[in-house]
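Structure file upload27.pdb with PDB, C-alpha atoms and all ligand atoms:
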```
ATOM      1  CA  MET A   1      16.183 -17.709  33.957
ATOM      2  CA  ASP A   2      17.717 -17.246  30.494
ATOM      3  CA  LEU A   3      16.612 -14.729  27.844
ATOM      4  CA  SER A   4      14.133 -17.129  26.200
ATOM      5  CA  GLN A   5      12.506 -17.895  29.524
ATOM      6  CA  PHE A   6      12.326 -14.193  30.374
ATOM      7  CA  ILE A   7      10.747 -13.320  27.005
ATOM      8  CA  HIS A   8       8.262 -16.120  27.496
ATOM      9  CA  LYS A   9       7.455 -15.171  31.057
ATOM     10  CA  ILE A  10       6.606 -11.488  30.656
ATOM     11  CA  PRO A  11       2.967 -10.699  29.789
ATOM     12  CA  LYS A  12       2.878  -9.429  26.211
ATOM     13  CA  THR A  13       0.561  -7.733  23.726
ATOM     14  CA  GLU A  14       0.023  -7.982  19.969
ATOM     15  CA  THR A  15      -1.279  -4.633  18.787
ATOM     16  CA  HIS A  16      -0.620  -4.915  15.049
ATOM     17  CA  LEU A  17      -2.023  -8.148  13.659
ATOM     18  CA  HIS A  18      -4.071  -8.906  10.534
ATOM     19  CA  ILE A  19      -6.230 -12.001  10.854
ATOM     20  CA  GLU A  20      -5.978 -12.939   7.186
ATOM     21  CA  GLY A  21      -2.188 -12.583   7.420
ATOM     22  CA  ALA A  22      -2.109 -14.644  10.605
ATOM     23  CA  LEU A  23      -3.573 -17.776   9.019
ATOM     24  CA  PRO A  24      -1.761 -20.746  10.589
ATOM     25  CA  TRP A  25      -0.021 -22.836   7.925
ATOM     26  CA  SER A  26      -1.545 -25.955   9.523
ATOM     27  CA  PHE A  27      -4.961 -25.020   8.071
ATOM     28  CA  LEU A  28      -3.574 -25.400   4.555
ATOM     29  CA  GLU A  29      -1.755 -28.618   5.432
ATOM     30  CA  GLU A  30      -5.028 -30.077   6.696
ATOM     31  CA  LEU A  31      -6.899 -28.897   3.600
ATOM     32  CA  ASN A  32      -4.438 -30.381   1.135
ATOM     33  CA  PRO A  33      -1.576 -32.362   2.719
ATOM     34  CA  VAL A  34       0.074 -33.032  -0.633
ATOM     35  CA  LYS A  35       0.055 -29.495  -1.988
ATOM     36  CA  TYR A  36       0.944 -27.860   1.308
ATOM     37  CA  SER A  37       3.394 -30.282   2.919
ATOM     38  CA  GLY A  38       6.362 -28.516   4.500
ATOM     39  CA  ASP A  39       7.094 -24.814   4.598
ATOM     40  CA  PRO A  40       7.163 -23.064   1.208
ATOM     41  CA  TYR A  41      10.046 -20.860   0.047
ATOM     42  CA  PHE A  42       8.447 -17.638   1.277
ATOM     43  CA  ARG A  43       8.322 -18.878   4.873
ATOM     44  CA  LYS A  44      12.045 -19.688   5.010
ATOM     45  CA  ALA A  45      14.039 -17.684   7.548
ATOM     46  CA  ASP A  46      16.261 -15.997   4.958
ATOM     47  CA  PHE A  47      13.535 -15.171   2.417
ATOM     48  CA  ARG A  48      12.836 -11.493   1.682
ATOM     49  CA  TYR A  49       9.971 -10.297  -0.525
ATOM     50  CA  LYS A  50      10.837  -8.304  -3.633
ATOM     51  CA  ASN A  51       8.075  -5.794  -2.959
ATOM     52  CA  PHE A  52       4.650  -5.306  -1.378
ATOM     53  CA  ALA A  53       2.851  -6.604  -4.489
ATOM     54  CA  GLN A  54       4.621  -9.969  -4.277
ATOM     55  CA  PHE A  55       3.825 -10.248  -0.569
ATOM     56  CA  GLU A  56       0.182  -9.326  -1.147
ATOM     57  CA  SER A  57      -0.416 -11.715  -4.044
ATOM     58  CA  ILE A  58       1.074 -14.712  -2.191
ATOM     59  CA  LEU A  59      -0.935 -13.913   0.927
ATOM     60  CA  ILE A  60      -4.238 -13.459  -0.917
ATOM     61  CA  GLU A  61      -3.768 -16.620  -2.975
ATOM     62  CA  HIS A  62      -3.388 -18.728   0.177
ATOM     63  CA  ALA A  63      -5.816 -16.908   2.473
ATOM     64  CA  LEU A  64      -8.691 -17.326   0.030
ATOM     65  CA  GLU A  65      -8.313 -21.104   0.313
ATOM     66  CA  ILE A  66      -9.409 -20.924   3.948
ATOM     67  CA  PHE A  67     -11.352 -17.709   4.592
ATOM     68  CA  LYS A  68     -14.709 -18.456   2.996
ATOM     69  CA  THR A  69     -17.311 -18.078   5.764
ATOM     70  CA  ALA A  70     -17.723 -16.403   9.159
ATOM     71  CA  GLU A  71     -17.211 -19.848  10.651
ATOM     72  CA  SER A  72     -13.781 -20.073   9.016
ATOM     73  CA  TYR A  73     -12.873 -16.746  10.665
ATOM     74  CA  TYR A  74     -13.979 -18.243  13.976
ATOM     75  CA  ARG A  75     -11.807 -21.338  13.529
ATOM     76  CA  VAL A  76      -8.746 -19.361  12.482
ATOM     77  CA  ALA A  77      -9.216 -16.823  15.277
ATOM     78  CA  SER A  78      -9.537 -19.622  17.851
ATOM     79  CA  SER A  79      -6.266 -21.122  16.638
ATOM     80  CA  ILE A  80      -4.457 -17.742  16.638
ATOM     81  CA  PHE A  81      -5.677 -16.926  20.160
ATOM     82  CA  LYS A  82      -4.644 -20.343  21.491
ATOM     83  CA  ALA A  83      -1.138 -19.870  20.069
ATOM     84  CA  ALA A  84      -1.049 -16.372  21.568
ATOM     85  CA  GLN A  85      -1.869 -17.704  25.013
ATOM     86  CA  SER A  86       0.900 -20.301  24.718
ATOM     87  CA  GLN A  87       3.346 -17.346  24.458
ATOM     88  CA  ASN A  88       1.776 -15.535  27.421
ATOM     89  CA  ILE A  89       0.227 -12.881  25.200
ATOM     90  CA  ARG A  90      -2.569 -11.335  27.255
ATOM     91  CA  TYR A  91      -3.993  -8.669  24.964
ATOM     92  CA  VAL A  92      -4.522  -8.736  21.182
ATOM     93  CA  GLU A  93      -5.708  -6.084  18.754
ATOM     94  CA  ILE A  94      -6.575  -7.892  15.523
ATOM     95  CA  SER A  95      -8.006  -6.457  12.313
ATOM     96  CA  PHE A  96     -10.001  -7.994   9.516
ATOM     97  CA  HIS A  97      -9.972  -6.586   6.031
ATOM     98  CA  ALA A  98     -13.082  -4.779   4.767
ATOM     99  CA  GLY A  99     -12.354  -5.958   1.226
ATOM    100  CA  MET A 100     -13.147  -9.519   2.353
ATOM    101  CA  ILE A 101     -16.725  -8.469   3.174
ATOM    102  CA  GLU A 102     -17.217  -7.536  -0.472
ATOM    103  CA  PHE A 103     -15.260 -10.456  -1.874
ATOM    104  CA  LEU A 104     -16.972 -13.147   0.218
ATOM    105  CA  LYS A 105     -20.370 -11.427   0.377
ATOM    106  CA  ILE A 106     -20.597 -12.071   4.118
ATOM    107  CA  PRO A 107     -22.114  -9.458   6.467
ATOM    108  CA  GLY A 108     -19.228  -7.703   8.231
ATOM    109  CA  THR A 109     -20.962  -8.094  11.581
ATOM    110  CA  GLU A 110     -20.805 -11.876  11.172
ATOM    111  CA  ILE A 111     -17.026 -11.745  10.751
ATOM    112  CA  LEU A 112     -16.721  -9.304  13.657
ATOM    113  CA  ASP A 113     -18.865 -11.492  15.921
ATOM    114  CA  ALA A 114     -16.995 -14.636  14.846
ATOM    115  CA  ILE A 115     -13.627 -13.165  15.847
ATOM    116  CA  ASN A 116     -14.918 -11.687  19.094
ATOM    117  CA  SER A 117     -16.632 -14.921  20.073
ATOM    118  CA  ALA A 118     -13.400 -16.902  19.548
ATOM    119  CA  SER A 119     -11.765 -14.888  22.337
ATOM    120  CA  PRO A 120     -10.850 -17.311  25.162
ATOM    121  CA  SER A 121     -10.908 -16.457  28.847
ATOM    122  CA  GLY A 122      -7.575 -15.024  29.963
ATOM    123  CA  LEU A 123      -6.996 -13.185  26.679
ATOM    124  CA  GLU A 124      -8.346  -9.700  25.996
ATOM    125  CA  VAL A 125      -9.233  -9.281  22.314
ATOM    126  CA  ARG A 126     -10.088  -6.081  20.448
ATOM    127  CA  VAL A 127     -11.246  -6.242  16.829
ATOM    128  CA  TYR A 128     -10.543  -3.567  14.231
ATOM    129  CA  LEU A 129     -11.902  -3.029  10.746
ATOM    130  CA  GLY A 130      -9.072  -2.465   8.288
ATOM    131  CA  MET A 131      -9.741  -0.690   5.017
ATOM    132  CA  SER A 132      -7.606   0.199   2.025
ATOM    133  CA  ARG A 133      -7.233   3.758   0.782
ATOM    134  CA  ASN A 134      -9.598   2.845  -2.089
ATOM    135  CA  ALA A 135     -12.053   0.735  -0.049
ATOM    136  CA  TYR A 136     -15.041   3.047  -0.355
ATOM    137  CA  THR A 137     -16.721   1.303  -3.315
ATOM    138  CA  SER A 138     -20.432   1.451  -4.064
ATOM    139  CA  TYR A 139     -20.716  -1.912  -2.281
ATOM    140  CA  LEU A 140     -18.445  -1.247   0.714
ATOM    141  CA  GLY A 141     -19.102   2.462   1.266
ATOM    142  CA  PRO A 142     -22.466   1.971   3.011
ATOM    143  CA  ILE A 143     -21.007  -0.923   5.020
ATOM    144  CA  ILE A 144     -18.087   1.215   6.207
ATOM    145  CA  GLU A 145     -20.586   3.925   7.238
ATOM    146  CA  GLU A 146     -22.660   1.378   9.122
ATOM    147  CA  ALA A 147     -19.565  -0.133  10.785
ATOM    148  CA  VAL A 148     -18.440   3.203  12.153
ATOM    149  CA  ASN A 149     -21.902   4.305  13.247
ATOM    150  CA  GLN A 150     -23.533   1.131  14.462
ATOM    151  CA  TRP A 151     -21.387  -1.952  14.935
ATOM    152  CA  ASP A 152     -21.179  -3.014  18.553
ATOM    153  CA  ASN A 153     -17.940  -4.616  19.701
ATOM    154  CA  LEU A 154     -15.857  -2.933  17.020
ATOM    155  CA  SER A 155     -12.866  -1.397  18.816
ATOM    156  CA  GLY A 156     -11.431   0.730  16.061
ATOM    157  CA  ILE A 157     -10.543   1.279  12.424
ATOM    158  CA  ASP A 158      -7.245   1.006  10.586
ATOM    159  CA  LEU A 159      -6.109   2.293   7.200
ATOM    160  CA  HIS A 160      -4.523  -0.649   5.346
ATOM    161  CA  GLY A 161      -2.929  -1.503   2.065
ATOM    162  CA  PRO A 162      -0.592   0.089  -0.435
ATOM    163  CA  GLU A 163       0.471   3.587   0.592
ATOM    164  CA  ASP A 164       0.998   4.751  -2.974
ATOM    165  CA  LEU A 165      -2.797   5.018  -3.378
ATOM    166  CA  SER A 166      -3.835   8.565  -2.569
ATOM    167  CA  ILE A 167      -6.123   9.403   0.324
ATOM    168  CA  GLU A 168      -9.669   9.792  -1.010
ATOM    169  CA  ASP A 169     -12.314  12.292   0.105
ATOM    170  CA  TRP A 170     -14.356   9.770   2.108
ATOM    171  CA  THR A 171     -11.530   9.010   4.515
ATOM    172  CA  LEU A 172     -11.477  12.129   6.672
ATOM    173  CA  PRO A 173     -15.234  12.157   7.508
ATOM    174  CA  ILE A 174     -15.101   8.439   8.340
ATOM    175  CA  TRP A 175     -12.155   8.920  10.702
ATOM    176  CA  GLN A 176     -13.910  11.921  12.273
ATOM    177  CA  ARG A 177     -17.124   9.970  12.859
ATOM    178  CA  ALA A 178     -15.182   7.027  14.246
ATOM    179  CA  SER A 179     -13.405   9.382  16.632
ATOM    180  CA  ALA A 180     -16.722  10.869  17.767
ATOM    181  CA  LYS A 181     -17.981   7.326  18.415
ATOM    182  CA  GLY A 182     -14.963   6.634  20.646
ATOM    183  CA  LEU A 183     -13.333   4.141  18.286
ATOM    184  CA  VAL A 184      -9.535   3.854  18.349
ATOM    185  CA  LEU A 185      -7.989   5.341  15.213
ATOM    186  CA  LYS A 186      -5.065   3.621  13.514
ATOM    187  CA  ALA A 187      -3.380   4.035  10.160
ATOM    188  CA  HIS A 188      -0.682   2.136   8.294
ATOM    189  CA  ALA A 189       1.744   4.875   7.324
ATOM    190  CA  GLY A 190       5.449   5.306   6.786
ATOM    191  CA  GLU A 191       6.002   1.651   5.890
ATOM    192  CA  PHE A 192       6.631   1.994   2.145
ATOM    193  CA  GLY A 193       5.355   5.561   2.041
ATOM    194  CA  PRO A 194       7.031   8.792   3.145
ATOM    195  CA  ALA A 195       6.983  10.632   6.472
ATOM    196  CA  SER A 196       4.273  12.932   5.068
ATOM    197  CA  ASN A 197       1.826   9.986   5.168
ATOM    198  CA  ILE A 198       2.426   9.687   8.923
ATOM    199  CA  GLU A 199       2.055  13.419   9.351
ATOM    200  CA  TYR A 200      -1.289  13.303   7.503
ATOM    201  CA  ALA A 201      -2.544  10.361   9.574
ATOM    202  CA  ILE A 202      -1.749  12.149  12.837
ATOM    203  CA  SER A 203      -2.634  15.741  11.992
ATOM    204  CA  GLN A 204      -5.613  15.204   9.669
ATOM    205  CA  LEU A 205      -7.086  11.803  10.488
ATOM    206  CA  GLY A 206      -6.365  12.153  14.208
ATOM    207  CA  ALA A 207      -4.707   8.731  14.427
ATOM    208  CA  LYS A 208      -3.045   8.107  17.773
ATOM    209  CA  ARG A 209      -1.643   4.792  16.617
ATOM    210  CA  ILE A 210       0.603   4.496  13.591
ATOM    211  CA  GLN A 211       1.176   1.030  12.164
ATOM    212  CA  HIS A 212       4.900   0.787  11.304
ATOM    213  CA  GLY A 213       5.908   4.460  11.042
ATOM    214  CA  VAL A 214       9.451   3.574   9.963
ATOM    215  CA  ALA A 215       9.647   6.665   7.729
ATOM    216  CA  ALA A 216       9.215   8.971  10.727
ATOM    217  CA  ARG A 217      13.018   8.916  10.849
ATOM    218  CA  GLU A 218      13.058  11.145   7.762
ATOM    219  CA  SER A 219      11.686  14.153   9.638
ATOM    220  CA  GLU A 220      12.916  15.619  12.934
ATOM    221  CA  VAL A 221       9.812  17.840  13.015
ATOM    222  CA  LEU A 222       7.546  14.801  12.761
ATOM    223  CA  LEU A 223       9.539  12.873  15.373
ATOM    224  CA  LYS A 224       9.105  15.789  17.789
ATOM    225  CA  GLN A 225       5.341  15.819  17.094
ATOM    226  CA  ILE A 226       5.153  12.044  17.710
ATOM    227  CA  VAL A 227       6.959  12.437  21.043
ATOM    228  CA  ASP A 228       5.000  15.541  22.094
ATOM    229  CA  GLU A 229       1.620  13.977  21.279
ATOM    230  CA  GLY A 230       2.515  10.533  22.672
ATOM    231  CA  ILE A 231       1.734   8.810  19.373
ATOM    232  CA  CYS A 232       2.332   5.065  19.547
ATOM    233  CA  LEU A 233       4.170   3.304  16.715
ATOM    234  CA  ASP A 234       3.080  -0.341  16.475
ATOM    235  CA  MET A 235       6.226  -1.679  14.811
ATOM    236  CA  CYS A 236       6.975  -5.088  13.303
ATOM    237  CA  PRO A 237      10.745  -5.537  12.844
ATOM    238  CA  ILE A 238      10.672  -8.962  11.148
ATOM    239  CA  SER A 239       7.980  -7.798   8.726
ATOM    240  CA  ASN A 240      10.020  -4.672   7.959
ATOM    241  CA  TYR A 241      13.139  -6.774   7.307
ATOM    242  CA  LYS A 242      11.381  -9.385   5.160
ATOM    243  CA  LEU A 243       9.536  -6.772   3.104
ATOM    244  CA  GLN A 244      12.760  -4.778   2.653
ATOM    245  CA  VAL A 245      11.259  -1.693   4.291
ATOM    246  CA  VAL A 246      14.713  -1.524   5.881
ATOM    247  CA  ASP A 247      17.892  -2.433   3.984
ATOM    248  CA  SER A 248      19.376  -4.399   6.859
ATOM    249  CA  TRP A 249      18.672  -5.175  10.509
ATOM    250  CA  HIS A 250      21.149  -2.471  11.431
ATOM    251  CA  ASP A 251      19.026   0.019   9.483
ATOM    252  CA  HIS A 252      15.891  -0.471  11.631
ATOM    253  CA  PRO A 253      14.974   2.657  13.639
ATOM    254  CA  LEU A 254      13.253   0.990  16.635
ATOM    255  CA  GLN A 255      16.148   1.565  19.006
ATOM    256  CA  SER A 256      16.545   5.230  18.079
ATOM    257  CA  PHE A 257      12.772   5.769  18.385
ATOM    258  CA  LEU A 258      12.787   4.287  21.887
ATOM    259  CA  LYS A 259      15.717   6.516  22.857
ATOM    260  CA  LYS A 260      13.675   9.546  21.813
ATOM    261  CA  GLY A 261      10.882   8.418  24.133
ATOM    262  CA  ILE A 262       8.419   7.232  21.465
ATOM    263  CA  PRO A 263       6.050   4.605  22.912
ATOM    264  CA  CYS A 264       6.774   1.816  20.405
ATOM    265  CA  THR A 265       5.320  -1.676  20.597
ATOM    266  CA  ILE A 266       6.272  -4.790  18.619
ATOM    267  CA  SER A 267       3.963  -7.257  16.840
ATOM    268  CA  THR A 268       4.073  -9.910  14.138
ATOM    269  CA  ASP A 269       1.890  -8.158  11.484
ATOM    270  CA  ASP A 270       1.326 -11.139   9.126
ATOM    271  CA  PRO A 271       2.867 -14.269  10.644
ATOM    272  CA  PHE A 272       1.528 -16.405   7.772
ATOM    273  CA  SER A 273       3.819 -14.525   5.417
ATOM    274  CA  PHE A 274       6.831 -14.106   7.693
ATOM    275  CA  ASN A 275       6.670 -17.347   9.712
ATOM    276  CA  ASN A 276       7.318 -15.375  12.903
ATOM    277  CA  THR A 277       5.997 -15.522  16.452
ATOM    278  CA  LEU A 278       5.880 -12.654  18.908
ATOM    279  CA  GLU A 279       8.653 -14.327  20.923
ATOM    280  CA  ASP A 280      10.737 -14.335  17.694
ATOM    281  CA  GLU A 281      10.178 -10.561  17.486
ATOM    282  CA  TYR A 282      11.493 -10.073  21.035
ATOM    283  CA  HIS A 283      14.525 -12.228  20.226
ATOM    284  CA  ALA A 284      15.154 -10.302  16.995
ATOM    285  CA  CYS A 285      15.076  -7.036  18.956
ATOM    286  CA  VAL A 286      17.962  -8.245  21.118
ATOM    287  CA  GLU A 287      19.893 -10.371  18.662
ATOM    288  CA  LYS A 288      19.446  -8.359  15.432
ATOM    289  CA  LEU A 289      18.686  -4.812  16.577
ATOM    290  CA  GLY A 290      20.895  -4.736  19.687
ATOM    291  CA  LEU A 291      18.147  -3.694  22.110
ATOM    292  CA  SER A 292      18.757  -4.063  25.820
ATOM    293  CA  ILE A 293      16.584  -6.020  28.218
ATOM    294  CA  SER A 294      15.484  -2.694  29.620
ATOM    295  CA  ASP A 295      14.251  -1.781  26.097
ATOM    296  CA  LEU A 296      12.282  -5.052  25.907
ATOM    297  CA  VAL A 297      10.699  -4.284  29.258
ATOM    298  CA  GLN A 298       9.682  -0.841  28.005
ATOM    299  CA  ILE A 299       8.237  -2.300  24.776
ATOM    300  CA  ALA A 300       6.202  -4.874  26.695
ATOM    301  CA  LYS A 301       4.900  -2.186  29.059
ATOM    302  CA  ASN A 302       4.064   0.129  26.143
ATOM    303  CA  GLY A 303       1.726  -2.526  24.748
ATOM    304  CA  PHE A 304      -0.343  -2.430  27.918
ATOM    305  CA  ILE A 305      -0.077   1.341  28.343
ATOM    306  CA  VAL A 306      -1.600   1.969  24.879
ATOM    307  CA  SER A 307      -4.217  -0.773  25.265
ATOM    308  CA  ASP A 308      -7.779   0.053  26.222
ATOM    309  CA  LEU A 309      -7.606  -2.087  29.358
ATOM    310  CA  SER A 310      -8.655  -0.498  32.645
ATOM    311  CA  ASN A 311      -5.965   1.158  34.723
ATOM    312  CA  PRO A 312      -5.965  -1.603  37.403
ATOM    313  CA  GLU A 313      -5.518  -4.222  34.647
ATOM    314  CA  LYS A 314      -2.654  -2.253  33.108
ATOM    315  CA  GLU A 315      -0.994  -1.938  36.508
ATOM    316  CA  ARG A 316      -1.368  -5.660  37.131
ATOM    317  CA  PHE A 317       0.388  -6.603  33.879
ATOM    318  CA  ILE A 318       3.085  -3.951  34.302
ATOM    319  CA  GLY A 319       3.689  -5.262  37.829
ATOM    320  CA  GLU A 320       4.103  -8.780  36.418
ATOM    321  CA  ILE A 321       6.648  -7.489  33.893
ATOM    322  CA  ASP A 322       8.596  -5.686  36.641
ATOM    323  CA  ARG A 323       8.665  -8.760  38.880
ATOM    324  CA  ALA A 324       9.937 -10.947  36.012
ATOM    325  CA  TRP A 325      12.632  -8.365  35.284
ATOM    326  CA  VAL A 326      13.777  -8.307  38.927
ATOM    327  CA  GLU A 327      13.972 -12.087  38.834
ATOM    328  CA  PHE A 328      15.910 -12.019  35.570
ATOM    329  CA  LYS A 329      18.350  -9.387  36.849
ATOM    330  CA  GLY A 330      18.918 -11.506  39.936
ATOM    331  CA  ASN A 331      20.327 -14.208  37.628
ATOM    332  CA  ASP A 332      22.685 -11.961  35.734
ATOM    333  CA  SER A 333      24.049  -8.738  37.175
ATOM    334  CA  SER A 334      25.166  -7.526  33.707
ATOM    335  CA  ASN A 335      21.545  -6.694  32.839
TER
HETATM  336 ZN    ZN B 401       0.128  -4.274   9.079
END
```
Go through the file and emit its structure as C-alpha cells.
Ligand SMILES: [Zn+2]
Amino acid sequence: MDLSQFIHKIPKTETHLHIEGALPWSFLEELNPVKYSGDPYFRKADFRYKNFAQFESILIEHALEIFKTAESYYRVASSIFKAAQSQNIRYVEISFHAGMIEFLKIPGTEILDAINSASPSGLEVRVYLGMSRNAYTSYLGPIIEEAVNQWDNLSGIDLHGPEDLSIEDWTLPIWQRASAKGLVLKAHAGEFGPASNIEYAISQLGAKRIQHGVAARESEVLLKQIVDEGICLDMCPISNYKLQVVDSWHDHPLQSFLKKGIPCTISTDDPFSFNNTLEDEYHACVEKLGLSISDLVQIAKNGFIVSDLSNPEKERFIGEIDRAWVEFKGNDSSN
C-alpha cells in the first residue's frame, strides 16, 4: 500500500464545508458548455487569491448561476455526497449560508430538508446554518430565531464571513439559545482576524469548534485555553494557502498545533474556489507541511472524535483507521 492508497483507505470526515463553496464545476459546464469549458484561472493549482473580497465575489458570481431553488441545493448536495463517498468520507458537516434564504426568498427549512434528504446511505450528514456577523437583518432576524428555536434536523450554527465586521448584539443571545437547544456551536475565527476573535468565540459565544483558528498561534494564553478546553480547530490548509492566510506552506501552524495536543481536523472549505479534494488535503499535509503518517492518523481520528456520532460508531471508524495504519506500516518500516 502506498501513501495514496492509505489516504484513500482510511475512513475520513469533512467537518468544515460550505455547500455554496462546494459547487462542482461540472454543474456550470452543463449549464453553459461554451462559457464554462475547462478550468478557469482561479482553479489553477498555483493560483492564490489577492484577498477575501476577491474570493467572495468570484464564488458568489458563479454560485448564483446554480443555486436558485431548494431542488438545486438537493442536486448539488447529492453530487457532493457522491464524490465524498468515492473518497471514503463517512461523515460530513456541511453548512448553508443564511444570506441565501433572503437572496433567493426560499424558506430556510426547504434548503435544510433538501440537503438532509440528499444524504445517501453509508454517509452521515449534519447540516449547519452559517450566518455572517451582520446577518440579523429585518428579514433574516426572525428566520434565525426560528431556526435556532424550531428547526428539526439542524445540527448547529456557524459564524461565517468577513471577520473585520464587528460582533453585533444579537449574536450572543442566539448562540446561547442554540447551546440550550443542544445545537453544536461553531465560529469562523482567526482566519483573517486576530487571536482575540477566537478568544471571543470560545469564551463568550461558547463555541467548541473553531473554523480555521490559524491566528491562535499569536497567543500562548489562548493556545493553552484551546488545549485545556479541548477546543477543536477545523483547519483547511489548501484554503489557507490559496487565500494567503499563511505566507507559505512552511508558515502553516497545523503541525505545531498537533504537537501541542490540539484536536485539529482537516477539510476542503470551498472546493469550488480551491479545486481541492479531501485526499488532496491529506497529501498536502505530508508533502507541503511535513506531517508524519502518525499525524494523518490523528487528524482522521479527530474528525470522528469531534463528530456527533455514537460512541460505538466512533470506535468502529477509529478501529478501521488503526487497522489500515497497521497494514501500511507493514509495507514500510520507516513509518
Ligand atoms: Zn469556511
**OP:** Apply the PyMOL selection byres (((chain A and resi 305) around 12) and not hetatm) to the file shown and report the selected residues as JSON, numbers by chain.
**Re:** {"A": [12, 13, 15, 91, 230, 231, 232, 263, 264, 265, 298, 299, 300, 301, 302, 303, 304, 306, 307, 308, 309, 310, 311, 312, 313, 314, 315, 316, 317, 318]}
Saved selection, atoms kept: C-alpha atoms, as an mmCIF file, keeping the file's coordinate frame:
```cif
data_model
loop_
_atom_site.group_PDB
_atom_site.id
_atom_site.type_symbol
_atom_site.label_atom_id
_atom_site.label_comp_id
_atom_site.auth_asym_id
_atom_site.auth_seq_id
_atom_site.Cartn_x
_atom_site.Cartn_y
_atom_site.Cartn_z
ATOM 1 C CA LYS A 12 2.878 -9.429 26.211
ATOM 2 C CA THR A 13 0.561 -7.733 23.726
ATOM 3 C CA THR A 15 -1.279 -4.633 18.787
ATOM 4 C CA TYR A 91 -3.993 -8.669 24.964
ATOM 5 C CA GLY A 230 2.515 10.533 22.672
ATOM 6 C CA ILE A 231 1.734 8.810 19.373
ATOM 7 C CA CYS A 232 2.332 5.065 19.547
ATOM 8 C CA PRO A 263 6.050 4.605 22.912
ATOM 9 C CA CYS A 264 6.774 1.816 20.405
ATOM 10 C CA THR A 265 5.320 -1.676 20.597
ATOM 11 C CA GLN A 298 9.682 -0.841 28.005
ATOM 12 C CA ILE A 299 8.237 -2.300 24.776
ATOM 13 C CA ALA A 300 6.202 -4.874 26.695
ATOM 14 C CA LYS A 301 4.900 -2.186 29.059
ATOM 15 C CA ASN A 302 4.064 0.129 26.143
ATOM 16 C CA GLY A 303 1.726 -2.526 24.748
ATOM 17 C CA PHE A 304 -0.343 -2.430 27.918
ATOM 18 C CA VAL A 306 -1.600 1.969 24.879
ATOM 19 C CA SER A 307 -4.217 -0.773 25.265
ATOM 20 C CA ASP A 308 -7.779 0.053 26.222
ATOM 21 C CA LEU A 309 -7.606 -2.087 29.358
ATOM 22 C CA SER A 310 -8.655 -0.498 32.645
ATOM 23 C CA ASN A 311 -5.965 1.158 34.723
ATOM 24 C CA PRO A 312 -5.965 -1.603 37.403
ATOM 25 C CA GLU A 313 -5.518 -4.222 34.647
ATOM 26 C CA LYS A 314 -2.654 -2.253 33.108
ATOM 27 C CA GLU A 315 -0.994 -1.938 36.508
ATOM 28 C CA ARG A 316 -1.368 -5.660 37.131
ATOM 29 C CA PHE A 317 0.388 -6.603 33.879
ATOM 30 C CA ILE A 318 3.085 -3.951 34.302
#
```
**OP:** Return the single residue from A:Leu233, A:Ala178, A:Ala135, A:Ile10 that is closest to ligand ZN 401 (chain B), with distances computed using all atoms listed in the file.
**Re:**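 Among the listed residues, the smallest separation from ligand ZN 401 (chain B) belongs to A:Leu233.
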**OP:** Could you tell me which residues the PyMOL selection byres (((not hetatm)) within 12 of (chain B and resi 401)) grabs in this file, written as a ChimeraX atom specification?
**Re:** /A:14-22,52,55-56,93-97,128,130-132,158-163,186-192,209-213,233-240,243,266-271,273-274
**OP:** Report the distance between CA of Leu3 (chain A) and CA of Gly122 (chain A) in Å, rounded to one decimal place.
**Re:**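 Interatomic distance, CA of Leu3 (chain A) to CA of Gly122 (chain A): 24.3 Å.
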Could the centre and edge lengths of an axis-aligned box, enclosing all atoms of region 30-47 of chain A in the file with 6 Å extra on each side, be given in Å to one decimal as AutoDock Vina command-line options?
```
--center_x 4.7 --center_y -24.1 --center_z 2.8 --size_x 35.2 --size_y 29.9 --size_z 21.5
```
**OP:** Name the residues captured by the PyMOL selection byres (((chain A and resi 149) around 10) and not hetatm) when it is applied to the shown file; answer as number ranges by chain.
**Re:** A: 143-148, 150-152, 174, 177-178, 180-181, 183
Original post:
Between A:Ser78, A:Leu104, A:Asp169, A:Asp164, which one has atoms that come closest to Val125 (chain A), using only C-alpha atoms?
Top reply: A:Ser78
Subject >> Using all atoms listed in the file: which of A:Phe67, A:Tyr73, A:Glu102, A:His8 has the shortest distance to Glu281 (chain A) >> reply: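 That would be A:His8, the residue with the smallest distance to Glu281 (chain A).
Proximity to Gly206 (chain A) was assessed for A:Asp113, A:Glu229, A:Lys224, A:Ser219 counting all atoms listed in the file; the smallest distance is recorded for A:Glu229.
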**OP:** Between CA of Val227 (chain A) and CA of Ile262 (chain A), measure the distance and give it in Å to one decimal.
**Re:**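 Interatomic distance, CA of Val227 (chain A) to CA of Ile262 (chain A): 5.4 Å.
Going from CA of Ile226 (chain A) to CA of Ile157 (chain A) covers 19.8 Å.
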Just the residues within 12 Å of Lys288 (chain A), please, counting only C-alpha atoms, with nothing from its chain fewer than 2 positions along; format it as a compact mmCIF listing (two decimals) with C-alpha atoms, keeping the file's coordinate frame.
```txt
# COMPACT_ATOMS: atom_id res chain seq x y z
CA PRO A 237 10.74 -5.54 12.84
CA ILE A 238 10.67 -8.96 11.15
CA TYR A 241 13.14 -6.77 7.31
CA SER A 248 19.38 -4.40 6.86
CA TRP A 249 18.67 -5.18 10.51
CA HIS A 250 21.15 -2.47 11.43
CA ASP A 251 19.03 0.02 9.48
CA HIS A 252 15.89 -0.47 11.63
CA LEU A 254 13.25 0.99 16.64
CA GLN A 255 16.15 1.56 19.01
CA ASP A 280 10.74 -14.34 17.69
CA GLU A 281 10.18 -10.56 17.49
CA TYR A 282 11.49 -10.07 21.04
CA HIS A 283 14.52 -12.23 20.23
CA ALA A 284 15.15 -10.30 17.00
CA CYS A 285 15.08 -7.04 18.96
CA VAL A 286 17.96 -8.24 21.12
CA GLY A 290 20.90 -4.74 19.69
CA LEU A 291 18.15 -3.69 22.11
CA SER A 292 18.76 -4.06 25.82
```
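With distances restricted to all atoms listed in the file, A:Ile106 is the closest residue to Lys68 (chain A) from A:Ile106, A:Asn88, A:Asp39, A:Ala53.
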Original post:
Do you know which residues are at most 10 Å from Arg43 (chain A) counting all atoms listed in the file, after dropping those on the same chain fewer than 2 positions away, and could you put them as a VMD selection string?
Top reply: chain A and resid 25 38 to 41 45 to 48 242 271 to 276
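Among the candidates A:Gly261, A:Pro107, A:Gly182, A:Pro120, the one nearest to Leu223 (chain A) when counting all atoms listed in the file is A:Gly261.
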